[in-house]
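Shown below: run.json, with JSON, N, CA and C atoms.
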[["chain", "number", "residue", "atom", "x", "y", "z"],
["A", 8, "MET", "N", 26.78, -40.23, 27.12],
["A", 8, "MET", "CA", 27.99, -40.33, 26.32],
["A", 8, "MET", "C", 29.23, -40.11, 27.19],
["A", 9, "MET", "N", 29.10, -39.30, 28.23],
["A", 9, "MET", "CA", 30.25, -38.99, 29.08],
["A", 9, "MET", "C", 30.86, -40.27, 29.67],
["A", 10, "ARG", "N", 30.02, -41.18, 30.15],
["A", 10, "ARG", "CA", 30.52, -42.42, 30.75],
["A", 10, "ARG", "C", 31.24, -43.28, 29.71],
["A", 11, "GLU", "N", 30.72, -43.31, 28.49],
["A", 11, "GLU", "CA", 31.37, -44.07, 27.42],
["A", 11, "GLU", "C", 32.75, -43.48, 27.11],
["A", 12, "VAL", "N", 32.85, -42.17, 27.09],
["A", 12, "VAL", "CA", 34.13, -41.51, 26.85],
["A", 12, "VAL", "C", 35.10, -41.85, 27.98],
["A", 13, "GLU", "N", 34.64, -41.76, 29.22],
["A", 13, "GLU", "CA", 35.50, -42.08, 30.36],
["A", 13, "GLU", "C", 36.01, -43.52, 30.30],
["A", 14, "ARG", "N", 35.13, -44.45, 29.96],
["A", 14, "ARG", "CA", 35.53, -45.86, 29.87],
["A", 14, "ARG", "C", 36.54, -46.07, 28.74],
["A", 15, "SER", "N", 36.33, -45.41, 27.62],
["A", 15, "SER", "CA", 37.25, -45.57, 26.48],
["A", 15, "SER", "C", 38.63, -44.99, 26.79],
["A", 16, "ILE", "N", 38.65, -43.83, 27.41],
["A", 16, "ILE", "CA", 39.94, -43.23, 27.77],
["A", 16, "ILE", "C", 40.62, -44.09, 28.82],
["A", 17, "ALA", "N", 39.88, -44.57, 29.80],
["A", 17, "ALA", "CA", 40.46, -45.39, 30.86],
["A", 17, "ALA", "C", 41.05, -46.70, 30.31],
["A", 18, "ALA", "N", 40.39, -47.29, 29.32],
["A", 18, "ALA", "CA", 40.88, -48.55, 28.76],
["A", 18, "ALA", "C", 42.19, -48.36, 28.00],
["A", 19, "PHE", "N", 42.41, -47.17, 27.49],
["A", 19, "PHE", "CA", 43.62, -46.92, 26.70],
["A", 19, "PHE", "C", 44.89, -47.09, 27.55],
["A", 20, "PRO", "N", 45.04, -46.39, 28.69],
["A", 20, "PRO", "CA", 46.26, -46.62, 29.49],
["A", 20, "PRO", "C", 46.08, -47.69, 30.57],
["A", 21, "GLY", "N", 44.89, -48.27, 30.67],
["A", 21, "GLY", "CA", 44.65, -49.30, 31.65],
["A", 21, "GLY", "C", 44.34, -48.77, 33.05],
["A", 22, "THR", "N", 43.64, -47.66, 33.12],
["A", 22, "THR", "CA", 43.24, -47.10, 34.40],
["A", 22, "THR", "C", 41.75, -47.37, 34.61],
["A", 23, "ILE", "N", 41.17, -46.70, 35.58],
["A", 23, "ILE", "CA", 39.75, -46.87, 35.84],
["A", 23, "ILE", "C", 39.03, -45.55, 35.54],
["A", 24, "PRO", "N", 37.75, -45.61, 35.17],
["A", 24, "PRO", "CA", 37.02, -44.39, 34.80],
["A", 24, "PRO", "C", 37.04, -43.30, 35.88],
["A", 25, "GLU", "N", 37.08, -43.68, 37.14],
["A", 25, "GLU", "CA", 37.12, -42.68, 38.22],
["A", 25, "GLU", "C", 38.40, -41.84, 38.15],
["A", 26, "GLN", "N", 39.51, -42.47, 37.78],
["A", 26, "GLN", "CA", 40.76, -41.71, 37.63],
["A", 26, "GLN", "C", 40.67, -40.76, 36.45],
["A", 27, "VAL", "N", 40.09, -41.23, 35.37],
["A", 27, "VAL", "CA", 39.92, -40.37, 34.19],
["A", 27, "VAL", "C", 39.04, -39.18, 34.54],
["A", 28, "ARG", "N", 37.97, -39.44, 35.26],
["A", 28, "ARG", "CA", 37.05, -38.37, 35.65],
["A", 28, "ARG", "C", 37.79, -37.31, 36.47],
["A", 29, "MET", "N", 38.70, -37.73, 37.33],
["A", 29, "MET", "CA", 39.41, -36.79, 38.20],
["A", 29, "MET", "C", 40.55, -36.07, 37.45],
["A", 30, "TRP", "N", 41.34, -36.80, 36.70],
["A", 30, "TRP", "CA", 42.54, -36.23, 36.10],
["A", 30, "TRP", "C", 42.34, -35.67, 34.70],
["A", 31, "ASP", "N", 41.38, -36.19, 33.96],
["A", 31, "ASP", "CA", 41.23, -35.82, 32.56],
["A", 31, "ASP", "C", 39.85, -35.27, 32.23],
["A", 32, "ALA", "N", 39.26, -34.56, 33.15],
["A", 32, "ALA", "CA", 37.91, -34.01, 32.92],
["A", 32, "ALA", "C", 37.87, -33.12, 31.70],
["A", 33, "LYS", "N", 38.94, -32.38, 31.45],
["A", 33, "LYS", "CA", 38.99, -31.49, 30.29],
["A", 33, "LYS", "C", 38.94, -32.29, 28.99],
["A", 34, "VAL", "N", 39.67, -33.40, 28.94],
["A", 34, "VAL", "CA", 39.68, -34.24, 27.73],
["A", 34, "VAL", "C", 38.30, -34.87, 27.53],
["A", 35, "VAL", "N", 37.72, -35.38, 28.60],
["A", 35, "VAL", "CA", 36.39, -35.98, 28.51],
["A", 35, "VAL", "C", 35.39, -34.97, 27.99],
["A", 36, "SER", "N", 35.41, -33.78, 28.55],
["A", 36, "SER", "CA", 34.49, -32.72, 28.14],
["A", 36, "SER", "C", 34.65, -32.39, 26.66],
["A", 37, "ARG", "N", 35.87, -32.30, 26.20],
["A", 37, "ARG", "CA", 36.12, -31.97, 24.80],
["A", 37, "ARG", "C", 35.68, -33.08, 23.87],
["A", 38, "MET", "N", 35.86, -34.34, 24.29],
["A", 38, "MET", "CA", 35.39, -35.45, 23.44],
["A", 38, "MET", "C", 33.87, -35.48, 23.38],
["A", 39, "VAL", "N", 33.21, -35.15, 24.48],
["A", 39, "VAL", "CA", 31.75, -35.10, 24.48],
["A", 39, "VAL", "C", 31.28, -33.97, 23.56],
["A", 40, "GLN", "N", 31.97, -32.84, 23.58],
["A", 40, "GLN", "CA", 31.60, -31.70, 22.74],
["A", 40, "GLN", "C", 31.91, -31.95, 21.27],
["A", 41, "HIS", "N", 32.85, -32.83, 21.00],
["A", 41, "HIS", "CA", 33.29, -33.11, 19.63],
["A", 41, "HIS", "C", 33.25, -34.61, 19.38],
["A", 42, "PRO", "N", 32.05, -35.14, 19.11],
["A", 42, "PRO", "CA", 31.91, -36.58, 18.91],
["A", 42, "PRO", "C", 32.80, -37.16, 17.81],
["A", 43, "SER", "N", 33.14, -36.36, 16.82],
["A", 43, "SER", "CA", 34.02, -36.87, 15.76],
["A", 43, "SER", "C", 35.40, -37.22, 16.32],
["A", 44, "ALA", "N", 35.88, -36.43, 17.26],
["A", 44, "ALA", "CA", 37.17, -36.73, 17.90],
["A", 44, "ALA", "C", 37.07, -38.02, 18.69],
["A", 45, "PHE", "N", 35.95, -38.22, 19.36],
["A", 45, "PHE", "CA", 35.75, -39.45, 20.13],
["A", 45, "PHE", "C", 35.68, -40.66, 19.20],
["A", 46, "GLU", "N", 35.00, -40.54, 18.08],
["A", 46, "GLU", "CA", 34.92, -41.65, 17.13],
["A", 46, "GLU", "C", 36.30, -41.99, 16.58],
["A", 47, "GLU", "N", 37.09, -40.98, 16.26],
["A", 47, "GLU", "CA", 38.46, -41.21, 15.79],
["A", 47, "GLU", "C", 39.29, -41.89, 16.87],
["A", 48, "PHE", "N", 39.12, -41.46, 18.12],
["A", 48, "PHE", "CA", 39.83, -42.05, 19.24],
["A", 48, "PHE", "C", 39.49, -43.53, 19.36],
["A", 49, "LYS", "N", 38.20, -43.86, 19.34],
["A", 49, "LYS", "CA", 37.78, -45.25, 19.48],
["A", 49, "LYS", "C", 38.30, -46.13, 18.35],
["A", 50, "ALA", "N", 38.33, -45.60, 17.14],
["A", 50, "ALA", "CA", 38.73, -46.38, 15.97],
["A", 50, "ALA", "C", 40.24, -46.46, 15.79],
["A", 51, "GLY", "N", 40.97, -45.58, 16.46],
["A", 51, "GLY", "CA", 42.41, -45.48, 16.22],
["A", 51, "GLY", "C", 43.24, -46.52, 16.92],
["A", 52, "ASN", "N", 44.47, -46.64, 16.46],
["A", 52, "ASN", "CA", 45.44, -47.49, 17.14],
["A", 52, "ASN", "C", 46.03, -46.69, 18.31],
["A", 53, "ASP", "N", 46.97, -47.28, 19.04],
["A", 53, "ASP", "CA", 47.50, -46.62, 20.23],
["A", 53, "ASP", "C", 48.16, -45.27, 19.91],
["A", 54, "ILE", "N", 48.85, -45.20, 18.80],
["A", 54, "ILE", "CA", 49.53, -43.94, 18.45],
["A", 54, "ILE", "C", 48.50, -42.86, 18.13],
["A", 55, "THR", "N", 47.48, -43.23, 17.37],
["A", 55, "THR", "CA", 46.41, -42.28, 17.05],
["A", 55, "THR", "C", 45.70, -41.83, 18.32],
["A", 56, "LYS", "N", 45.39, -42.78, 19.20],
["A", 56, "LYS", "CA", 44.73, -42.43, 20.46],
["A", 56, "LYS", "C", 45.58, -41.45, 21.27],
["A", 57, "TRP", "N", 46.89, -41.71, 21.33],
["A", 57, "TRP", "CA", 47.77, -40.82, 22.09],
["A", 57, "TRP", "C", 47.78, -39.41, 21.50],
["A", 58, "HIS", "N", 47.84, -39.31, 20.19],
["A", 58, "HIS", "CA", 47.84, -37.99, 19.55],
["A", 58, "HIS", "C", 46.54, -37.24, 19.80],
["A", 59, "ILE", "N", 45.42, -37.92, 19.69],
["A", 59, "ILE", "CA", 44.12, -37.28, 19.94],
["A", 59, "ILE", "C", 44.01, -36.86, 21.40],
["A", 60, "TYR", "N", 44.37, -37.78, 22.30],
["A", 60, "TYR", "CA", 44.31, -37.49, 23.73],
["A", 60, "TYR", "C", 45.16, -36.25, 24.07],
["A", 61, "MET", "N", 46.40, -36.24, 23.62],
["A", 61, "MET", "CA", 47.29, -35.12, 23.94],
["A", 61, "MET", "C", 46.84, -33.82, 23.30],
["A", 62, "SER", "N", 46.32, -33.89, 22.08],
["A", 62, "SER", "CA", 45.87, -32.65, 21.44],
["A", 62, "SER", "C", 44.67, -32.06, 22.19],
["A", 63, "LEU", "N", 43.80, -32.92, 22.68],
["A", 63, "LEU", "CA", 42.65, -32.42, 23.44],
["A", 63, "LEU", "C", 43.06, -31.94, 24.83],
["A", 64, "ARG", "N", 44.10, -32.53, 25.37],
["A", 64, "ARG", "CA", 44.55, -32.13, 26.70],
["A", 64, "ARG", "C", 45.34, -30.83, 26.68],
["A", 65, "LEU", "N", 46.12, -30.63, 25.64],
["A", 65, "LEU", "CA", 47.04, -29.49, 25.63],
["A", 65, "LEU", "C", 46.57, -28.30, 24.81],
["A", 66, "LYS", "N", 45.80, -28.53, 23.76],
["A", 66, "LYS", "CA", 45.40, -27.45, 22.86],
["A", 66, "LYS", "C", 43.88, -27.28, 22.91],
["A", 67, "PRO", "N", 43.40, -26.18, 23.43],
["A", 67, "PRO", "CA", 41.96, -26.01, 23.56],
["A", 67, "PRO", "C", 41.19, -25.98, 22.24],
["A", 68, "THR", "N", 41.84, -25.69, 21.15],
["A", 68, "THR", "CA", 41.14, -25.62, 19.87],
["A", 68, "THR", "C", 41.53, -26.76, 18.93],
["A", 69, "ALA", "N", 41.93, -27.89, 19.48],
["A", 69, "ALA", "CA", 42.44, -28.99, 18.66],
["A", 69, "ALA", "C", 41.39, -29.54, 17.71],
["A", 70, "PHE", "N", 40.15, -29.67, 18.15],
["A", 70, "PHE", "CA", 39.10, -30.24, 17.28],
["A", 70, "PHE", "C", 37.96, -29.29, 17.20]]

How does the structure come out when it is put into structure tokens?
Amino acid sequence: MMREVERSIAAFPGTIPEQVRMWDAKVVSRMVQHPSAFEEFKAGNDITKWHIYMSLRLKPTAF
């Protein structure tokens, strides 16, 4: 699941999974731990994705 999360996050801003792995490991880890957040991220529009991404990056108890 980790690779799927990395690919999904990378596709959002148009980066590559290796960059996501290096810069956003905390977000990837939280999405893996909280599959519902990942499902919402995949299904959401750009604004929803940004809100989920930032909440997971900045707030440890977001989901």

Check your understanding: Using only C-alpha atoms, which residues sit within 12 Å of Arg10 of chain A once same-chain residues fewer than 4 positions away are excluded, as a list in words?
Key -> Arg14, Ser15, Ile16, Ala17, Ile23, Pro24, Glu25, Val27, Arg28, Ala32, Val35, Ser36, Met38 and Val39 of chain A

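Of note, atom CA of Ser43 of chain A and atom CA of Asp31 of chain A are spaced 18.3 Å apart.
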
Give me the box for segment 24-32 of chain A as JSON, namely the centre and edge lengths in Å to one decimal of a box along x, y and z that holds every listed atom plus 8 Å on each side.
{"center_x": 39.8, "center_y": -39.4, "center_z": 35.0, "size_x": 21.5, "size_y": 28.5, "size_z": 22.5}

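For the set A:Phe19, A:Glu11, A:Leu65, A:Lys33, the residue with the smallest atom-to-atom gap to Asp53 of chain A is A:Phe19, counting all atoms listed in the file.
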
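In terms of minimum interatomic distance to His41 of chain A, A:Leu63 ranks closest within A:Met29, A:Leu63, A:Pro20, A:Glu13, counting only C-alpha atoms.
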
Practice item. Quote the spacing between atom CA of Ser62 of chain A and atom N of Gly21 of chain A in Å to one decimal place. Key: 18.2 Å

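In this comparison, which uses only C-alpha atoms, the residue of A:Lys66, A:Ala18, A:Trp30, A:Val12 approaching Glu47 of chain A most closely is A:Val12.
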
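Reported to one decimal place, the separation of atom CA of Phe48 of chain A from atom N of Met61 of chain A is 9.8 Å.
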
Writing N, CA, C and O atoms and nothing else, produce segment 45-69 of chain A as a short mmCIF file (atom, residue, chain, number, x, y, z; two decimals), in the first residue's frame.
data_model
loop_
_atom_site.label_atom_id
_atom_site.label_comp_id
_atom_site.auth_asym_id
_atom_site.auth_seq_id
_atom_site.Cartn_x
_atom_site.Cartn_y
_atom_site.Cartn_z
N PHE A 45 -6.57 7.98 3.06
CA PHE A 45 -6.05 7.74 1.72
C PHE A 45 -7.19 7.60 0.71
O PHE A 45 -7.12 8.16 -0.39
N GLU A 46 -8.25 6.92 1.07
CA GLU A 46 -9.40 6.78 0.18
C GLU A 46 -10.03 8.14 -0.12
O GLU A 46 -10.40 8.42 -1.25
N GLU A 47 -10.16 8.97 0.91
CA GLU A 47 -10.69 10.32 0.71
C GLU A 47 -9.77 11.13 -0.20
O GLU A 47 -10.24 11.88 -1.06
N PHE A 48 -8.47 10.99 -0.01
CA PHE A 48 -7.49 11.69 -0.84
C PHE A 48 -7.65 11.27 -2.30
O PHE A 48 -7.72 12.13 -3.19
N LYS A 49 -7.71 9.98 -2.56
CA LYS A 49 -7.83 9.49 -3.93
C LYS A 49 -9.12 9.96 -4.60
O LYS A 49 -9.12 10.29 -5.78
N ALA A 50 -10.20 10.01 -3.85
CA ALA A 50 -11.51 10.36 -4.40
C ALA A 50 -11.73 11.87 -4.51
O ALA A 50 -12.62 12.31 -5.24
N GLY A 51 -10.91 12.64 -3.81
CA GLY A 51 -11.16 14.07 -3.73
C GLY A 51 -10.68 14.87 -4.92
O GLY A 51 -9.86 14.41 -5.72
N ASN A 52 -11.18 16.09 -5.00
CA ASN A 52 -10.69 17.02 -6.01
C ASN A 52 -9.40 17.66 -5.48
O ASN A 52 -8.93 17.32 -4.39
N ASP A 53 -8.81 18.57 -6.23
CA ASP A 53 -7.52 19.15 -5.83
C ASP A 53 -7.59 19.87 -4.48
O ASP A 53 -6.66 19.79 -3.69
N ILE A 54 -8.68 20.55 -4.22
CA ILE A 54 -8.80 21.28 -2.95
C ILE A 54 -8.88 20.29 -1.79
O ILE A 54 -8.22 20.46 -0.77
N THR A 55 -9.68 19.25 -1.96
CA THR A 55 -9.80 18.23 -0.92
C THR A 55 -8.46 17.55 -0.69
O THR A 55 -8.05 17.35 0.45
N LYS A 56 -7.77 17.21 -1.78
CA LYS A 56 -6.45 16.57 -1.65
C LYS A 56 -5.49 17.48 -0.89
O LYS A 56 -4.74 17.01 -0.02
N TRP A 57 -5.50 18.77 -1.20
CA TRP A 57 -4.60 19.70 -0.52
C TRP A 57 -4.91 19.76 0.98
O TRP A 57 -4.00 19.73 1.80
N HIS A 58 -6.18 19.82 1.33
CA HIS A 58 -6.56 19.87 2.74
C HIS A 58 -6.14 18.61 3.49
O HIS A 58 -5.61 18.69 4.61
N ILE A 59 -6.36 17.46 2.89
CA ILE A 59 -5.97 16.20 3.53
C ILE A 59 -4.45 16.12 3.66
O ILE A 59 -3.92 15.80 4.72
N TYR A 60 -3.75 16.44 2.58
CA TYR A 60 -2.29 16.41 2.59
C TYR A 60 -1.73 17.32 3.70
O TYR A 60 -0.89 16.90 4.50
N MET A 61 -2.20 18.55 3.75
CA MET A 61 -1.68 19.50 4.74
C MET A 61 -2.06 19.10 6.16
O MET A 61 -1.27 19.27 7.08
N SER A 62 -3.26 18.57 6.35
CA SER A 62 -3.65 18.16 7.70
C SER A 62 -2.78 17.01 8.19
O SER A 62 -2.40 16.96 9.36
N LEU A 63 -2.44 16.10 7.29
CA LEU A 63 -1.58 14.98 7.68
C LEU A 63 -0.13 15.43 7.87
O LEU A 63 0.61 14.85 8.65
N ARG A 64 0.27 16.44 7.15
CA ARG A 64 1.64 16.92 7.26
C ARG A 64 1.86 17.77 8.50
O ARG A 64 2.92 17.71 9.13
N LEU A 65 0.86 18.55 8.87
CA LEU A 65 1.05 19.52 9.95
C LEU A 65 0.48 19.10 11.29
O LEU A 65 0.99 19.52 12.31
N LYS A 66 -0.58 18.30 11.30
CA LYS A 66 -1.24 17.95 12.55
C LYS A 66 -1.13 16.43 12.77
O LYS A 66 -1.76 15.67 12.05
N PRO A 67 -0.41 16.02 13.77
CA PRO A 67 -0.22 14.58 13.97
C PRO A 67 -1.50 13.81 14.28
O PRO A 67 -1.54 12.61 14.08
N THR A 68 -2.53 14.45 14.75
CA THR A 68 -3.76 13.75 15.10
C THR A 68 -4.90 14.08 14.15
O THR A 68 -6.06 14.03 14.52
N ALA A 69 -4.59 14.43 12.92
CA ALA A 69 -5.61 14.88 11.98
C ALA A 69 -6.63 13.80 11.66
O ALA A 69 -7.81 14.08 11.55
#
